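With TSV, C-alpha atoms inside, this is model34.tsv:
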chain	number	residue	atom	x	y	z
A	1	MET	CA	0.00	0.00	0.00
A	2	GLU	CA	2.72	2.41	1.03
A	3	ASP	CA	4.97	1.43	-1.89
A	4	LYS	CA	2.11	2.21	-4.25
A	5	LEU	CA	1.66	5.55	-2.53
A	6	LEU	CA	5.28	6.48	-3.05
A	7	GLU	CA	4.97	5.73	-6.75
A	8	ASN	CA	1.92	7.95	-7.11
A	9	ARG	CA	2.96	11.55	-6.46
A	10	GLN	CA	-0.38	12.83	-7.76
A	11	LEU	CA	-2.17	12.15	-4.49
A	12	THR	CA	-3.59	15.31	-2.95
A	13	ASP	CA	-2.49	16.56	0.43
A	14	GLU	CA	-5.87	15.56	1.80
A	15	GLU	CA	-5.52	12.01	0.45
A	16	LEU	CA	-2.09	11.75	2.03
A	17	ALA	CA	-3.57	12.97	5.31
A	18	VAL	CA	-6.14	10.14	5.14
A	19	GLU	CA	-3.32	7.63	4.74
A	20	ALA	CA	-1.41	9.26	7.59
A	21	GLN	CA	-4.50	9.04	9.82
A	22	ALA	CA	-4.57	5.31	9.06
A	23	GLY	CA	-0.98	5.00	10.28
A	24	SER	CA	1.08	5.46	7.13
A	25	ARG	CA	4.36	7.09	8.12
A	26	ARG	CA	5.46	7.36	4.50
A	27	SER	CA	2.36	9.37	3.67
A	28	PHE	CA	3.21	11.85	6.40
A	29	GLU	CA	6.82	11.95	5.23
A	30	GLU	CA	5.53	12.95	1.80
A	31	LEU	CA	3.57	15.79	3.38
A	32	VAL	CA	6.76	16.87	5.15
A	33	ARG	CA	8.60	16.81	1.82
A	34	ARG	CA	5.92	18.93	0.16
A	35	TYR	CA	5.69	21.53	2.91
A	36	SER	CA	9.26	21.94	4.23
A	37	GLN	CA	10.31	24.64	1.79
A	38	ARG	CA	6.86	26.20	1.60
A	39	LEU	CA	6.75	26.62	5.37
A	40	PHE	CA	10.24	28.10	5.34
A	41	TYR	CA	9.26	30.84	2.88
A	42	PHE	CA	6.05	31.46	4.80
A	43	LEU	CA	7.69	31.66	8.23
A	44	ARG	CA	11.07	33.26	7.53
A	45	PRO	CA	9.77	36.88	7.42
A	46	LYS	CA	8.24	36.36	10.86
A	47	MET	CA	11.37	35.08	12.60
A	48	LEU	CA	14.58	36.69	13.85
A	49	THR	CA	16.93	33.96	12.69
A	50	HIS	CA	17.20	31.10	10.26
A	51	GLN	CA	17.51	28.66	13.19
A	52	ASP	CA	14.32	29.95	14.83
A	53	THR	CA	12.54	29.38	11.53
A	54	GLU	CA	13.79	25.81	11.28
A	55	ASP	CA	12.77	25.16	14.89
A	56	ILE	CA	9.22	26.37	14.26
A	57	ILE	CA	9.00	24.22	11.12
A	58	GLN	CA	10.06	21.12	13.04
A	59	GLU	CA	7.62	21.91	15.83
A	60	THR	CA	4.86	22.43	13.26
A	61	PHE	CA	5.46	19.01	11.72
A	62	LEU	CA	5.66	17.37	15.15
A	63	LYS	CA	2.39	18.93	16.29
A	64	THR	CA	0.72	18.08	12.97
A	65	TYR	CA	1.83	14.46	13.25
A	66	ARG	CA	0.54	14.17	16.80
A	67	ASN	CA	-2.80	15.71	15.88
A	68	ILE	CA	-3.27	14.27	12.38
A	69	ARG	CA	-6.43	12.43	13.43
A	70	ARG	CA	-8.04	15.78	14.25
A	71	PHE	CA	-7.87	16.89	10.63
A	72	ASN	CA	-11.51	16.73	9.49
A	73	PHE	CA	-11.33	17.87	5.84
A	74	GLU	CA	-13.63	20.85	6.36
A	75	CYS	CA	-10.75	22.93	5.01
A	76	LYS	CA	-7.66	22.23	2.93
A	77	PHE	CA	-4.70	20.55	4.58
A	78	SER	CA	-2.59	23.61	3.74
A	79	THR	CA	-4.97	25.83	5.72
A	80	TRP	CA	-4.67	23.49	8.70
A	81	ILE	CA	-0.87	23.31	8.72
A	82	TYR	CA	-0.38	27.05	8.15
A	83	THR	CA	-2.79	27.79	10.99
A	84	THR	CA	-0.77	25.47	13.23
A	85	ALA	CA	2.48	27.19	12.23
A	86	THR	CA	1.03	30.67	12.81
A	87	ARG	CA	-0.15	29.73	16.30
A	88	LEU	CA	3.31	28.35	17.14
A	89	VAL	CA	4.95	31.61	16.05
A	90	ILE	CA	2.58	33.58	18.27
A	91	SER	CA	3.38	31.26	21.18
A	92	PHE	CA	7.12	31.54	20.47
A	93	TYR	CA	7.14	35.33	20.79
A	94	ARG	CA	4.84	35.37	23.78
A	95	LYS	CA	7.24	33.10	25.65
A	96	LYS	CA	10.39	34.86	24.46
A	97	ARG	CA	9.34	38.49	24.78
A	98	PRO	CA	5.96	38.73	26.57
A	99	ASN	CA	6.15	42.52	26.69
A	100	GLU	CA	6.97	43.06	23.03
A	101	SER	CA	5.07	42.83	19.78
A	102	THR	CA	4.08	39.32	18.73
A	103	PHE	CA	5.77	39.43	15.33
A	104	VAL	CA	9.09	40.89	14.28
A	105	SER	CA	8.85	43.57	11.65
A	106	ILE	CA	10.68	42.65	8.45
A	107	ASP	CA	11.43	46.31	7.82
A	108	THR	CA	14.55	46.02	9.99
A	109	SER	CA	17.87	46.08	8.17
A	110	PRO	CA	19.11	42.58	7.32
A	111	ASP	CA	22.53	41.37	8.42
A	112	PRO	CA	25.26	41.33	5.72
A	113	GLN	CA	24.80	37.66	4.92
A	114	GLU	CA	21.05	37.99	4.47
A	115	GLN	CA	21.59	41.12	2.38
A	116	MET	CA	23.98	39.25	0.09
A	117	ILE	CA	21.48	36.41	-0.33
A	118	LYS	CA	18.74	38.90	-1.06
A	119	GLU	CA	20.83	40.62	-3.72
A	120	GLU	CA	21.77	37.32	-5.34
A	121	ASP	CA	18.12	36.29	-5.48
A	122	ALA	CA	16.75	39.72	-6.38
A	123	LYS	CA	15.12	38.36	-9.54
A	124	ASN	CA	13.04	35.93	-7.55
A	125	LEU	CA	9.66	37.51	-6.92
A	126	TRP	CA	9.09	35.79	-3.62
A	127	ASN	CA	12.38	37.06	-2.26
A	128	ILE	CA	11.40	40.56	-3.36
A	129	ALA	CA	7.96	40.11	-1.83
A	130	GLN	CA	9.55	39.45	1.56
A	131	ALA	CA	10.35	43.17	1.69
A	132	LEU	CA	6.63	43.81	2.05
A	133	ARG	CA	5.03	44.07	5.45
A	134	GLU	CA	4.80	40.66	7.07
A	135	ASN	CA	1.01	40.43	6.84
A	136	GLN	CA	1.02	41.45	3.17
A	137	PHE	CA	3.60	38.79	2.30
A	138	GLN	CA	1.61	36.22	4.27
A	139	ALA	CA	-1.59	37.05	2.41
A	140	LEU	CA	0.13	36.88	-1.00
A	141	TRP	CA	1.72	33.54	-0.19
A	142	LEU	CA	-1.49	31.93	0.95
A	143	ARG	CA	-3.44	33.28	-2.02
A	144	TYR	CA	-1.02	32.55	-4.87
A	145	MET	CA	1.26	29.77	-3.65
A	146	GLU	CA	-1.38	27.83	-1.76
A	147	ASP	CA	-4.44	28.84	-3.81
A	148	LEU	CA	-6.47	29.36	-0.66
A	149	PRO	CA	-9.81	31.18	-0.93
A	150	LEU	CA	-10.40	34.37	1.01
A	151	LYS	CA	-12.36	32.52	3.69
A	152	GLU	CA	-9.49	30.19	4.53
A	153	ILE	CA	-6.85	32.94	4.34
A	154	ALA	CA	-8.95	34.89	6.85
A	155	GLN	CA	-9.04	31.78	9.06
A	156	VAL	CA	-5.25	31.39	9.04
A	157	MET	CA	-4.63	35.10	9.65
A	158	LYS	CA	-7.50	35.48	12.12
A	159	LYS	CA	-8.88	38.43	10.16
A	160	THR	CA	-12.10	39.21	8.30
A	161	GLN	CA	-12.46	38.43	4.60
A	162	ILE	CA	-12.81	42.15	3.84
A	163	TYR	CA	-9.54	42.82	5.64
A	164	VAL	CA	-7.80	40.11	3.60
A	165	ARG	CA	-9.20	41.47	0.33
A	166	VAL	CA	-7.89	44.96	1.10
A	167	LEU	CA	-4.58	43.53	2.30
A	168	LEU	CA	-4.06	41.64	-0.95
A	169	HIS	CA	-4.83	44.74	-2.99
A	170	ARG	CA	-2.33	46.83	-1.02
A	171	ALA	CA	0.28	44.07	-1.23
A	172	ARG	CA	0.00	43.95	-5.02
A	173	LEU	CA	0.28	47.72	-5.30
A	174	ASN	CA	3.33	47.79	-3.02
A	175	LEU	CA	4.92	44.96	-4.96
A	176	MET	CA	4.46	46.92	-8.18
A	177	LYS	CA	6.46	49.79	-6.70
A	178	GLN	CA	9.41	47.47	-6.13
A	179	LEU	CA	9.36	45.76	-9.49
A	180	ASN	CA	10.24	46.98	-12.92
A	181	PRO	CA	6.96	47.15	-14.89
A	182	SER	CA	8.56	44.98	-17.58
A	183	ALA	CA	8.83	42.20	-15.00
A	184	LEU	CA	5.06	42.01	-14.61
A	185	PRO	CA	3.81	40.32	-17.78
A	186	GLY	CA	1.90	37.39	-16.41
A	187	LYS	CA	0.52	35.93	-13.25
A	188	LEU	CA	1.99	34.72	-10.01
A	189	GLU	CA	2.26	30.94	-10.25
A	190	LYS	CA	3.79	28.12	-8.26
A	191	ALA	CA	5.96	26.98	-11.14
A	192	ALA	CA	7.00	30.51	-12.13
A	193	PRO	CA	7.35	32.63	-8.98
A	194	ALA	CA	8.95	35.47	-10.91
A	195	GLU	CA	5.58	36.42	-12.40
A	196	THR	CA	2.58	38.05	-10.82
A	197	ASN	CA	-1.09	38.76	-11.28
A	198	LEU	CA	-2.15	42.23	-10.22
A	199	SER	CA	-5.85	41.88	-10.81
A	200	LEU	CA	-8.09	42.18	-7.76
A	201	LEU	CA	-9.00	38.55	-7.12
I need this file expressed as structure tokens, please.
Amino acid sequence: MEDKLLENRQLTDEELAVEAQAGSRRSFEELVRRYSQRLFYFLRPKMLTHQDTEDIIQETFLKTYRNIRRFNFECKFSTWIYTTATRLVISFYRKKRPNESTFVSIDTSPDPQEQMIKEEDAKNLWNIAQALRENQFQALWLRYMEDLPLKEIAQVMKKTQIYVRVLLHRARLNLMKQLNPSALPGKLEKAAPAETNLSLL
């Protein structure tokens, strides 16, 4: 059963979750493979260091594994795991700095190493998008990388759908200011992150 699963990479996240609920470790490992990098991009703007980001990712997978039987398919698996990760970030900052803001602003100047990486990857839209405010980047990621509807984005971010709609609009406008207009010919896709769609939903 599990060997067949490994051969079929077309299974949806939700189908893999079903197998994981039935006890398939390999199914969960496939979910980890699919979401490791995606969670890193999603969480990195929120965290102070690379190591903190990796720690939250590992904790997210651990908590997801422990609670996999609670996944009830009323929403997408991606919504569930991103909600788990967001809650862990909130908990992380509450424990570390209870008197400070929950999230770290990404407007702070990067260290030299991060600046060098940013310059080397300047043509990558998602790296450029990380210069946006943290909530704007989060909304863009969930909408275009995860294809989540407004309702589920609002659930992850704990905001209203109207707030998310306005946030996406502002994020697209701010992204336009940072990009050369000639770099905006298409739409923002998973396979081609250097493109973007500036239409309002």
For Leu88 in chain A, list every protein, DNA or RNA residue within 12 Å, evaluated using all atoms listed in the file, and leave out those in the same chain fewer than 2 positions away; present the list as a CSV table (one decimal) with C-alpha atoms, in the coordinates of the input.
chain,number,residue,atom,x,y,z
A,43,LEU,CA,7.7,31.7,8.2
A,46,LYS,CA,8.2,36.4,10.9
A,47,MET,CA,11.4,35.1,12.6
A,52,ASP,CA,14.3,30.0,14.8
A,53,THR,CA,12.5,29.4,11.5
A,55,ASP,CA,12.8,25.2,14.9
A,56,ILE,CA,9.2,26.4,14.3
A,57,ILE,CA,9.0,24.2,11.1
A,58,GLN,CA,10.1,21.1,13.0
A,59,GLU,CA,7.6,21.9,15.8
A,60,THR,CA,4.9,22.4,13.3
A,61,PHE,CA,5.5,19.0,11.7
A,62,LEU,CA,5.7,17.4,15.2
A,63,LYS,CA,2.4,18.9,16.3
A,64,THR,CA,0.7,18.1,13.0
A,81,ILE,CA,-0.9,23.3,8.7
A,82,TYR,CA,-0.4,27.0,8.2
A,83,THR,CA,-2.8,27.8,11.0
A,84,THR,CA,-0.8,25.5,13.2
A,85,ALA,CA,2.5,27.2,12.2
A,86,THR,CA,1.0,30.7,12.8
A,90,ILE,CA,2.6,33.6,18.3
A,91,SER,CA,3.4,31.3,21.2
A,92,PHE,CA,7.1,31.5,20.5
A,93,TYR,CA,7.1,35.3,20.8
A,94,ARG,CA,4.8,35.4,23.8
A,95,LYS,CA,7.2,33.1,25.6
A,102,THR,CA,4.1,39.3,18.7
A,103,PHE,CA,5.8,39.4,15.3
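Distance-wise, CA of Ser27 in chain A and CA of Glu146 in chain A end up 19.6 Å apart.
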Nearest residue to Asp147 in chain A out of A:Ser78, A:Val32, A:Trp126, A:Ala22, using only C-alpha atoms?
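With only C-alpha atoms as the atom set, the closest residue is A:Ser78.
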What's the 9 Å shell around Ala129 in chain A, counting only C-alpha atoms, without same-chain residues fewer than 3 positions away, as a PDB file with C-alpha atoms, keeping the file's coordinate frame?
ATOM      1  CA  ASN A 124      13.040  35.930  -7.550  1.00  0.00           C
ATOM      2  CA  LEU A 125       9.660  37.510  -6.920  1.00  0.00           C
ATOM      3  CA  TRP A 126       9.090  35.790  -3.620  1.00  0.00           C
ATOM      4  CA  LEU A 132       6.630  43.810   2.050  1.00  0.00           C
ATOM      5  CA  ARG A 133       5.030  44.070   5.450  1.00  0.00           C
ATOM      6  CA  GLN A 136       1.020  41.450   3.170  1.00  0.00           C
ATOM      7  CA  PHE A 137       3.600  38.790   2.300  1.00  0.00           C
ATOM      8  CA  LEU A 140       0.130  36.880  -1.000  1.00  0.00           C
ATOM      9  CA  ALA A 171       0.280  44.070  -1.230  1.00  0.00           C
ATOM     10  CA  LEU A 175       4.920  44.960  -4.960  1.00  0.00           C
ATOM     11  CA  GLN A 178       9.410  47.470  -6.130  1.00  0.00           C
TER      12      GLN A 178
END
Hey, can you pull every residue with an atom no more than 8 Å from (-2.2, 35.9, 5.2), using only C-alpha atoms, and send it as a list in words?
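Applying the cut-off with only C-alpha atoms, one gets Asn135, Gln136, Phe137, Gln138, Ala139, Leu140, Trp141, Leu142, Arg143, Ile153, Ala154, Val156, Met157 and Val164 of chain A.
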For Glu30 in chain A, which residue out of A:Leu11, A:Leu168, A:Met176, A:Met145 is the nearest one, using only C-alpha atoms?
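For Glu30 in chain A, the nearest of the candidates is A:Leu11.
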What is the CA of Phe73 in chain A-CA of Pro149 in chain A distance in Å, reported with one decimal?
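We find that CA of Phe73 in chain A and CA of Pro149 in chain A lie 15.0 Å from each other.
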Model the absent atoms of range 160-173 of chain A so that N, CA and C atoms are present, and write the result as a JSON list (two decimals), keeping the file's coordinate frame.
[["chain", "number", "residue", "atom", "x", "y", "z"],
["A", 160, "THR", "N", -10.88, 39.32, 9.09],
["A", 160, "THR", "CA", -12.10, 39.21, 8.30],
["A", 160, "THR", "C", -11.74, 39.07, 6.83],
["A", 161, "GLN", "N", -12.69, 38.58, 6.03],
["A", 161, "GLN", "CA", -12.46, 38.43, 4.60],
["A", 161, "GLN", "C", -12.27, 39.80, 3.94],
["A", 162, "ILE", "N", -12.96, 40.80, 4.40],
["A", 162, "ILE", "CA", -12.81, 42.15, 3.84],
["A", 162, "ILE", "C", -11.39, 42.65, 4.10],
["A", 163, "TYR", "N", -10.89, 42.41, 5.31],
["A", 163, "TYR", "CA", -9.54, 42.82, 5.64],
["A", 163, "TYR", "C", -8.54, 42.15, 4.71],
["A", 164, "VAL", "N", -8.72, 40.85, 4.47],
["A", 164, "VAL", "CA", -7.80, 40.11, 3.60],
["A", 164, "VAL", "C", -7.86, 40.64, 2.18],
["A", 165, "ARG", "N", -9.05, 40.95, 1.69],
["A", 165, "ARG", "CA", -9.20, 41.47, 0.33],
["A", 165, "ARG", "C", -8.43, 42.79, 0.18],
["A", 166, "VAL", "N", -8.60, 43.67, 1.13],
["A", 166, "VAL", "CA", -7.89, 44.96, 1.10],
["A", 166, "VAL", "C", -6.38, 44.74, 1.22],
["A", 167, "LEU", "N", -5.99, 43.81, 2.09],
["A", 167, "LEU", "CA", -4.58, 43.53, 2.30],
["A", 167, "LEU", "C", -3.92, 43.03, 1.02],
["A", 168, "LEU", "N", -4.60, 42.15, 0.31],
["A", 168, "LEU", "CA", -4.06, 41.64, -0.95],
["A", 168, "LEU", "C", -3.91, 42.75, -1.98],
["A", 169, "HIS", "N", -4.89, 43.63, -2.04],
["A", 169, "HIS", "CA", -4.83, 44.74, -2.99],
["A", 169, "HIS", "C", -3.64, 45.64, -2.68],
["A", 170, "ARG", "N", -3.45, 45.98, -1.41],
["A", 170, "ARG", "CA", -2.33, 46.83, -1.02],
["A", 170, "ARG", "C", -1.00, 46.13, -1.28],
["A", 171, "ALA", "N", -0.95, 44.83, -1.02],
["A", 171, "ALA", "CA", 0.28, 44.07, -1.23],
["A", 171, "ALA", "C", 0.68, 44.09, -2.70],
["A", 172, "ARG", "N", -0.30, 43.92, -3.59],
["A", 172, "ARG", "CA", 0.00, 43.95, -5.02],
["A", 172, "ARG", "C", 0.49, 45.32, -5.46],
["A", 173, "LEU", "N", -0.14, 46.36, -4.95],
["A", 173, "LEU", "CA", 0.28, 47.72, -5.30],
["A", 173, "LEU", "C", 1.70, 47.99, -4.80]]
